[in-house]
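File shown: coords33.cif. Contents: mmCIF, C-alpha atoms.
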```cif
data_run
#
loop_
_atom_site.group_PDB
_atom_site.id
_atom_site.type_symbol
_atom_site.label_atom_id
_atom_site.label_comp_id
_atom_site.auth_asym_id
_atom_site.auth_seq_id
_atom_site.Cartn_x
_atom_site.Cartn_y
_atom_site.Cartn_z
ATOM 1 C CA MET J 1 1.968 -4.907 -19.704
ATOM 2 C CA LEU J 2 2.546 -7.561 -17.041
ATOM 3 C CA LYS J 3 5.458 -5.564 -15.602
ATOM 4 C CA GLN J 4 2.983 -2.854 -14.524
ATOM 5 C CA PHE J 5 1.854 -5.332 -11.834
ATOM 6 C CA LEU J 6 5.367 -6.147 -10.617
ATOM 7 C CA PRO J 7 6.292 -4.588 -7.247
ATOM 8 C CA SER J 8 9.749 -3.185 -6.557
ATOM 9 C CA ALA J 9 9.875 -5.346 -3.403
ATOM 10 C CA TYR J 10 7.611 -7.595 -1.408
ATOM 11 C CA VAL J 11 7.455 -8.421 2.290
ATOM 12 C CA LYS J 12 5.195 -10.339 4.624
ATOM 13 C CA SER J 13 4.110 -7.300 6.653
ATOM 14 C CA VAL J 14 4.608 -3.557 7.021
ATOM 15 C CA PHE J 15 6.559 -4.431 10.168
ATOM 16 C CA ASP J 16 9.252 -5.892 7.899
ATOM 17 C CA ILE J 17 9.733 -2.439 6.369
ATOM 18 C CA LYS J 18 12.432 -0.754 8.417
ATOM 19 C CA PRO J 19 12.668 3.051 8.439
ATOM 20 C CA GLU J 20 16.469 2.992 8.408
ATOM 21 C CA THR J 21 16.447 0.878 5.227
ATOM 22 C CA LEU J 22 14.060 3.303 3.545
ATOM 23 C CA VAL J 23 16.200 6.290 4.525
ATOM 24 C CA GLU J 24 19.386 4.537 3.341
ATOM 25 C CA ASN J 25 17.679 4.094 -0.035
ATOM 26 C CA GLY J 26 16.798 7.766 -0.335
ATOM 27 C CA ILE J 27 13.153 7.466 0.694
ATOM 28 C CA LYS J 28 11.657 10.430 2.566
ATOM 29 C CA GLY J 29 7.949 9.806 2.069
ATOM 30 C CA ILE J 30 5.513 6.923 2.248
ATOM 31 C CA ILE J 31 2.146 6.556 0.591
ATOM 32 C CA THR J 32 0.336 3.630 2.131
ATOM 33 C CA ASP J 33 -2.902 1.838 1.517
ATOM 34 C CA LEU J 34 -5.138 1.247 4.547
ATOM 35 C CA ASP J 35 -7.352 -1.823 4.328
ATOM 36 C CA ASN J 36 -5.531 -5.163 4.589
ATOM 37 C CA THR J 37 -2.207 -3.319 4.366
ATOM 38 C CA LEU J 38 -2.129 -1.633 7.786
ATOM 39 C CA VAL J 39 -5.091 -3.317 9.481
ATOM 40 C CA GLU J 40 -7.868 -5.722 8.544
ATOM 41 C CA TRP J 41 -10.410 -4.197 6.177
ATOM 42 C CA ASP J 42 -13.116 -4.471 8.839
ATOM 43 C CA ARG J 43 -11.042 -3.091 11.771
ATOM 44 C CA ALA J 44 -11.945 0.534 12.468
ATOM 45 C CA ASP J 45 -8.942 1.663 14.514
ATOM 46 C CA ALA J 46 -5.176 1.353 14.359
ATOM 47 C CA THR J 47 -3.636 -1.378 16.463
ATOM 48 C CA GLU J 48 -0.966 -0.611 19.063
ATOM 49 C CA ASP J 49 1.599 -2.221 16.743
ATOM 50 C CA ILE J 50 0.629 0.006 13.803
ATOM 51 C CA MET J 51 0.731 3.109 16.000
ATOM 52 C CA ALA J 52 4.223 2.124 17.179
ATOM 53 C CA TRP J 53 5.340 1.469 13.576
ATOM 54 C CA PHE J 54 4.111 4.930 12.537
ATOM 55 C CA GLU J 55 6.123 6.410 15.409
ATOM 56 C CA THR J 56 9.302 4.684 14.159
ATOM 57 C CA LEU J 57 8.646 6.169 10.709
ATOM 58 C CA ARG J 58 8.163 9.638 12.149
ATOM 59 C CA ALA J 59 11.276 9.280 14.305
ATOM 60 C CA ALA J 60 13.206 8.645 11.085
ATOM 61 C CA ASP J 61 11.719 11.875 9.624
ATOM 62 C CA LEU J 62 9.636 9.944 7.088
ATOM 63 C CA GLN J 63 6.417 11.607 5.949
ATOM 64 C CA ILE J 64 3.290 9.463 5.619
ATOM 65 C CA THR J 65 0.068 9.780 3.634
ATOM 66 C CA VAL J 66 -2.720 7.193 3.428
ATOM 67 C CA VAL J 67 -4.373 6.673 0.047
ATOM 68 C CA SER J 68 -7.464 4.475 0.216
ATOM 69 C CA ASN J 69 -10.295 3.524 -2.087
ATOM 70 C CA ASN J 70 -12.545 3.399 0.974
ATOM 71 C CA ASN J 71 -15.027 6.121 1.981
ATOM 72 C CA ILE J 72 -14.306 9.267 3.974
ATOM 73 C CA GLU J 73 -15.897 8.026 7.203
ATOM 74 C CA ARG J 74 -13.709 4.916 7.283
ATOM 75 C CA VAL J 75 -10.468 6.648 6.360
ATOM 76 C CA ARG J 76 -11.026 9.736 8.534
ATOM 77 C CA HIS J 77 -11.867 7.579 11.570
ATOM 78 C CA PHE J 78 -8.559 5.726 11.160
ATOM 79 C CA CYS J 79 -6.257 8.611 10.181
ATOM 80 C CA ASP J 80 -7.422 11.619 12.198
ATOM 81 C CA PRO J 81 -6.472 10.240 15.641
ATOM 82 C CA LEU J 82 -3.009 9.451 14.254
ATOM 83 C CA GLY J 83 -2.565 12.854 12.631
ATOM 84 C CA ILE J 84 -1.928 11.288 9.241
ATOM 85 C CA PRO J 85 -3.032 13.062 6.053
ATOM 86 C CA TYR J 86 -5.191 10.966 3.766
ATOM 87 C CA ILE J 87 -6.918 10.721 0.439
ATOM 88 C CA CYS J 88 -10.095 8.675 0.398
ATOM 89 C CA GLU J 89 -12.266 7.373 -2.438
ATOM 90 C CA ALA J 90 -9.013 7.350 -4.412
ATOM 91 C CA ARG J 91 -10.191 5.129 -7.248
ATOM 92 C CA LYS J 92 -6.821 3.397 -7.459
ATOM 93 C CA PRO J 93 -5.246 2.464 -9.868
ATOM 94 C CA LEU J 94 -6.185 5.797 -11.461
ATOM 95 C CA LYS J 95 -3.339 8.310 -11.268
ATOM 96 C CA ARG J 96 -5.146 11.304 -9.738
ATOM 97 C CA ALA J 97 -4.914 10.234 -6.069
ATOM 98 C CA PHE J 98 -1.266 9.254 -6.443
ATOM 99 C CA HIS J 99 -0.469 12.688 -7.875
ATOM 100 C CA GLN J 100 -2.396 14.303 -4.996
ATOM 101 C CA ALA J 101 -0.425 12.248 -2.465
ATOM 102 C CA ILE J 102 2.878 13.180 -4.104
ATOM 103 C CA ALA J 103 1.858 16.854 -3.897
ATOM 104 C CA THR J 104 0.803 16.432 -0.251
ATOM 105 C CA LEU J 105 4.206 14.981 0.601
ATOM 106 C CA GLY J 106 5.964 17.734 -1.362
ATOM 107 C CA LEU J 107 8.729 15.376 -2.427
ATOM 108 C CA PRO J 108 10.048 14.180 -5.775
ATOM 109 C CA LYS J 109 8.520 10.825 -6.671
ATOM 110 C CA GLU J 110 11.985 9.224 -6.538
ATOM 111 C CA GLU J 111 11.945 9.838 -2.772
ATOM 112 C CA ILE J 112 8.532 8.217 -2.214
ATOM 113 C CA VAL J 113 7.508 4.593 -1.849
ATOM 114 C CA MET J 114 3.987 3.160 -2.050
ATOM 115 C CA ILE J 115 3.052 0.331 0.309
ATOM 116 C CA GLY J 116 0.017 -1.808 -0.455
ATOM 117 C CA ASP J 117 -1.489 -5.270 -0.551
ATOM 118 C CA GLN J 118 -3.109 -5.382 -4.006
ATOM 119 C CA LEU J 119 -1.561 -5.737 -7.443
ATOM 120 C CA LEU J 120 -4.585 -4.346 -9.281
ATOM 121 C CA THR J 121 -4.874 -1.137 -7.270
ATOM 122 C CA ASP J 122 -1.741 -0.306 -5.269
ATOM 123 C CA VAL J 123 1.025 -1.786 -7.418
ATOM 124 C CA LEU J 124 -0.506 -0.904 -10.780
ATOM 125 C CA GLY J 125 -1.345 2.643 -9.699
ATOM 126 C CA ALA J 126 2.079 3.289 -8.190
ATOM 127 C CA ASN J 127 3.876 1.888 -11.227
ATOM 128 C CA ARG J 128 1.740 4.023 -13.548
ATOM 129 C CA VAL J 129 3.061 7.206 -11.888
ATOM 130 C CA GLY J 130 6.642 5.975 -11.522
ATOM 131 C CA LEU J 131 6.765 5.253 -7.791
ATOM 132 C CA GLN J 132 8.643 2.455 -6.105
ATOM 133 C CA VAL J 133 6.162 0.042 -4.566
ATOM 134 C CA ILE J 134 6.370 -2.525 -1.779
ATOM 135 C CA LEU J 135 3.742 -5.266 -1.838
ATOM 136 C CA VAL J 136 2.735 -6.770 1.516
ATOM 137 C CA VAL J 137 0.761 -9.894 2.309
ATOM 138 C CA PRO J 138 -2.810 -8.893 3.228
ATOM 139 C CA VAL J 139 -3.239 -8.773 7.010
ATOM 140 C CA ALA J 140 -6.588 -10.601 6.831
ATOM 141 C CA SER J 141 -7.567 -13.669 4.868
ATOM 142 C CA SER J 142 -11.030 -12.223 4.286
ATOM 143 C CA ASP J 143 -11.834 -9.369 1.922
ATOM 144 C CA ALA J 144 -14.631 -7.029 0.965
ATOM 145 C CA PRO J 145 -16.679 -8.422 -1.957
ATOM 146 C CA ILE J 146 -15.043 -6.346 -4.712
ATOM 147 C CA THR J 147 -11.591 -7.246 -3.442
ATOM 148 C CA LYS J 148 -12.404 -10.979 -3.652
ATOM 149 C CA PHE J 149 -12.788 -10.547 -7.413
ATOM 150 C CA ASN J 150 -9.454 -8.697 -7.612
ATOM 151 C CA ARG J 151 -7.686 -11.402 -5.599
ATOM 152 C CA ALA J 152 -8.717 -14.079 -8.105
ATOM 153 C CA ILE J 153 -7.076 -12.093 -10.905
ATOM 154 C CA GLU J 154 -4.040 -11.350 -8.730
ATOM 155 C CA ARG J 155 -3.488 -15.063 -8.036
ATOM 156 C CA ARG J 156 -3.198 -15.664 -11.790
ATOM 157 C CA ILE J 157 -0.753 -12.777 -12.215
ATOM 158 C CA MET J 158 1.357 -13.950 -9.260
ATOM 159 C CA ALA J 159 1.408 -17.505 -10.642
ATOM 160 C CA ARG J 160 2.708 -16.136 -13.936
ATOM 161 C CA PHE J 161 5.388 -14.101 -12.142
ATOM 162 C CA LYS J 162 6.468 -17.234 -10.285
ATOM 163 C CA ARG J 163 6.628 -19.312 -13.502
ATOM 164 C CA LYS J 164 8.772 -16.621 -15.141
ATOM 165 C CA GLY J 165 11.030 -16.399 -12.070
ATOM 166 C CA LEU J 166 10.140 -12.739 -11.477
ATOM 167 C CA ILE J 167 8.909 -13.330 -7.953
ATOM 168 C CA THR J 168 9.612 -16.051 -5.409
ATOM 169 C CA TRP J 169 7.228 -14.980 -2.690
ATOM 170 C CA GLU J 170 5.023 -17.682 -1.189
ATOM 171 C CA ASP J 171 1.498 -16.944 0.041
#
```
Take the structure I supplied and represent it as structure tokens, if you would.
Amino acid sequence: MLKQFLPSAYVKSVFDIKPETLVENGIKGIITDLDNTLVEWDRADATEDIMAWFETLRAADLQITVVSNNNIERVRHFCDPLGIPYICEARKPLKRAFHQAIATLGLPKEEIVMIGDQLLTDVLGANRVGLQVILVVPVASSDAPITKFNRAIERRIMARFKRKGLITWED
């Protein structure tokens, strides 16, 4: 059961995820979380750095879809100006939104990676549908109230991973 929370890889930031490395590993599509993965949960718009990162992904012919548990107003406001397809109110870690995103990308799941900041939503959901998943450090130290509860559970899971030698990542 614990392995369902184990990411395929973990990095400090999405900026550490290089398009050429993804392509070399057979990745053609990216499903990414929004809040605290790409920008702070309370930041409405993409930063210049995120917009530039998306451009490097597109230049490498990588397809992108955002899958967020947040509401349509939040996700649409962020994604529409960038021309990125999205699924909102996803209810991660349930499988439905992941299957929708896979269909949107039109790729086999072996060619897709999920990027997110939460074990209980992003990593668990991606693992449940058989996707590779990259865990990133949250971009903000603050969280929405429901996420604060999740983080407490995640800290216990991460501590167990560290004790078992499954993960060496430091906060």
Selection in question (the file shown): the PyMOL selection byres ((chain J and resi 87-102) around 7). Which residues does it include, as an mmCIF file with C-alpha atoms, in the coordinates of the input?
```cif
data_model
loop_
_atom_site.group_PDB
_atom_site.id
_atom_site.type_symbol
_atom_site.label_atom_id
_atom_site.label_comp_id
_atom_site.auth_asym_id
_atom_site.auth_seq_id
_atom_site.Cartn_x
_atom_site.Cartn_y
_atom_site.Cartn_z
ATOM 1 C CA ILE J 31 2.146 6.556 0.591
ATOM 2 C CA THR J 65 0.068 9.780 3.634
ATOM 3 C CA VAL J 66 -2.720 7.193 3.428
ATOM 4 C CA VAL J 67 -4.373 6.673 0.047
ATOM 5 C CA SER J 68 -7.464 4.475 0.216
ATOM 6 C CA ASN J 69 -10.295 3.524 -2.087
ATOM 7 C CA ASN J 70 -12.545 3.399 0.974
ATOM 8 C CA ASN J 71 -15.027 6.121 1.981
ATOM 9 C CA ILE J 72 -14.306 9.267 3.974
ATOM 10 C CA VAL J 75 -10.468 6.648 6.360
ATOM 11 C CA TYR J 86 -5.191 10.966 3.766
ATOM 12 C CA ALA J 103 1.858 16.854 -3.897
ATOM 13 C CA THR J 104 0.803 16.432 -0.251
ATOM 14 C CA LEU J 105 4.206 14.981 0.601
ATOM 15 C CA GLY J 106 5.964 17.734 -1.362
ATOM 16 C CA LEU J 107 8.729 15.376 -2.427
ATOM 17 C CA LYS J 109 8.520 10.825 -6.671
ATOM 18 C CA LEU J 120 -4.585 -4.346 -9.281
ATOM 19 C CA THR J 121 -4.874 -1.137 -7.270
ATOM 20 C CA ASP J 122 -1.741 -0.306 -5.269
ATOM 21 C CA LEU J 124 -0.506 -0.904 -10.780
ATOM 22 C CA GLY J 125 -1.345 2.643 -9.699
ATOM 23 C CA VAL J 129 3.061 7.206 -11.888
#
```
Hey, what comes out of the PyMOL selection byres ((chain J and resi 136) around 12) on this file? Could you write it as a PyMOL selection string?
-> chain J and resi 7-17+32-39+114-119+122-123+133-135+137-140+169-171
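Counting all atoms listed in the file and comparing J:Ile84, J:Leu22, J:Leu131, J:Ile157, the residue that lies closest to Glu55 (chain J) is J:Ile84.
Between Met51 (chain J) and the residues J:Phe5, J:Phe161, J:Phe78, J:Phe149, the shortest atom-to-atom distance, using only C-alpha atoms, involves J:Phe78.
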Could you jot down the CA of Arg151 (chain J) to CA of Lys3 (chain J) separation for me, Å, one decimal place?
-> 17.5 Å
Straight-line distance linking CA of Arg76 (chain J) with CA of Ile146 (chain J), stated in Å to one decimal | 21.2 Å
CA of Leu6 (chain J) and CA of Met158 (chain J) are how many Å apart?
->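 Distance reported for this atom pair: 8.9 Å.
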So that all listed atoms of region 32-44 of chain J fit with 6 Å spare on each side, what axis-aligned box centre and edge lengths in Å, to one decimal, would you give as lines of an AutoDock Vina configuration file?
```
center_x = -6.4
center_y = -1.0
center_z = 7.0
size_x = 25.5
size_y = 21.4
size_z = 23.0
```
Residue list as a ChimeraX atom specification for point (8.7, 3.7, -0.4), cut-off 6 Å, all atoms listed in the file = /J:27,30,112-114,132
Looking at J:Lys164, J:Ile50, J:Gln4, J:Glu110, which one is nearest to Lys28 (chain J), with distances taken over all atoms listed in the file?
->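 When distances to Lys28 (chain J) are compared using all atoms listed in the file, the smallest one comes from J:Glu110.
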Among the residues J:Pro19, J:Asp80, J:Pro85, J:Glu111, the one that comes closest to Asp45 (chain J) [using only C-alpha atoms] |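 The shortest atom-to-atom distance to Asp45 (chain J) comes from J:Asp80.
The nearest approach to Glu24 (chain J) among the residues J:Ala126, J:Leu2, J:Ala60, J:Ala46, with only C-alpha atoms taken into account, belongs to J:Ala60.
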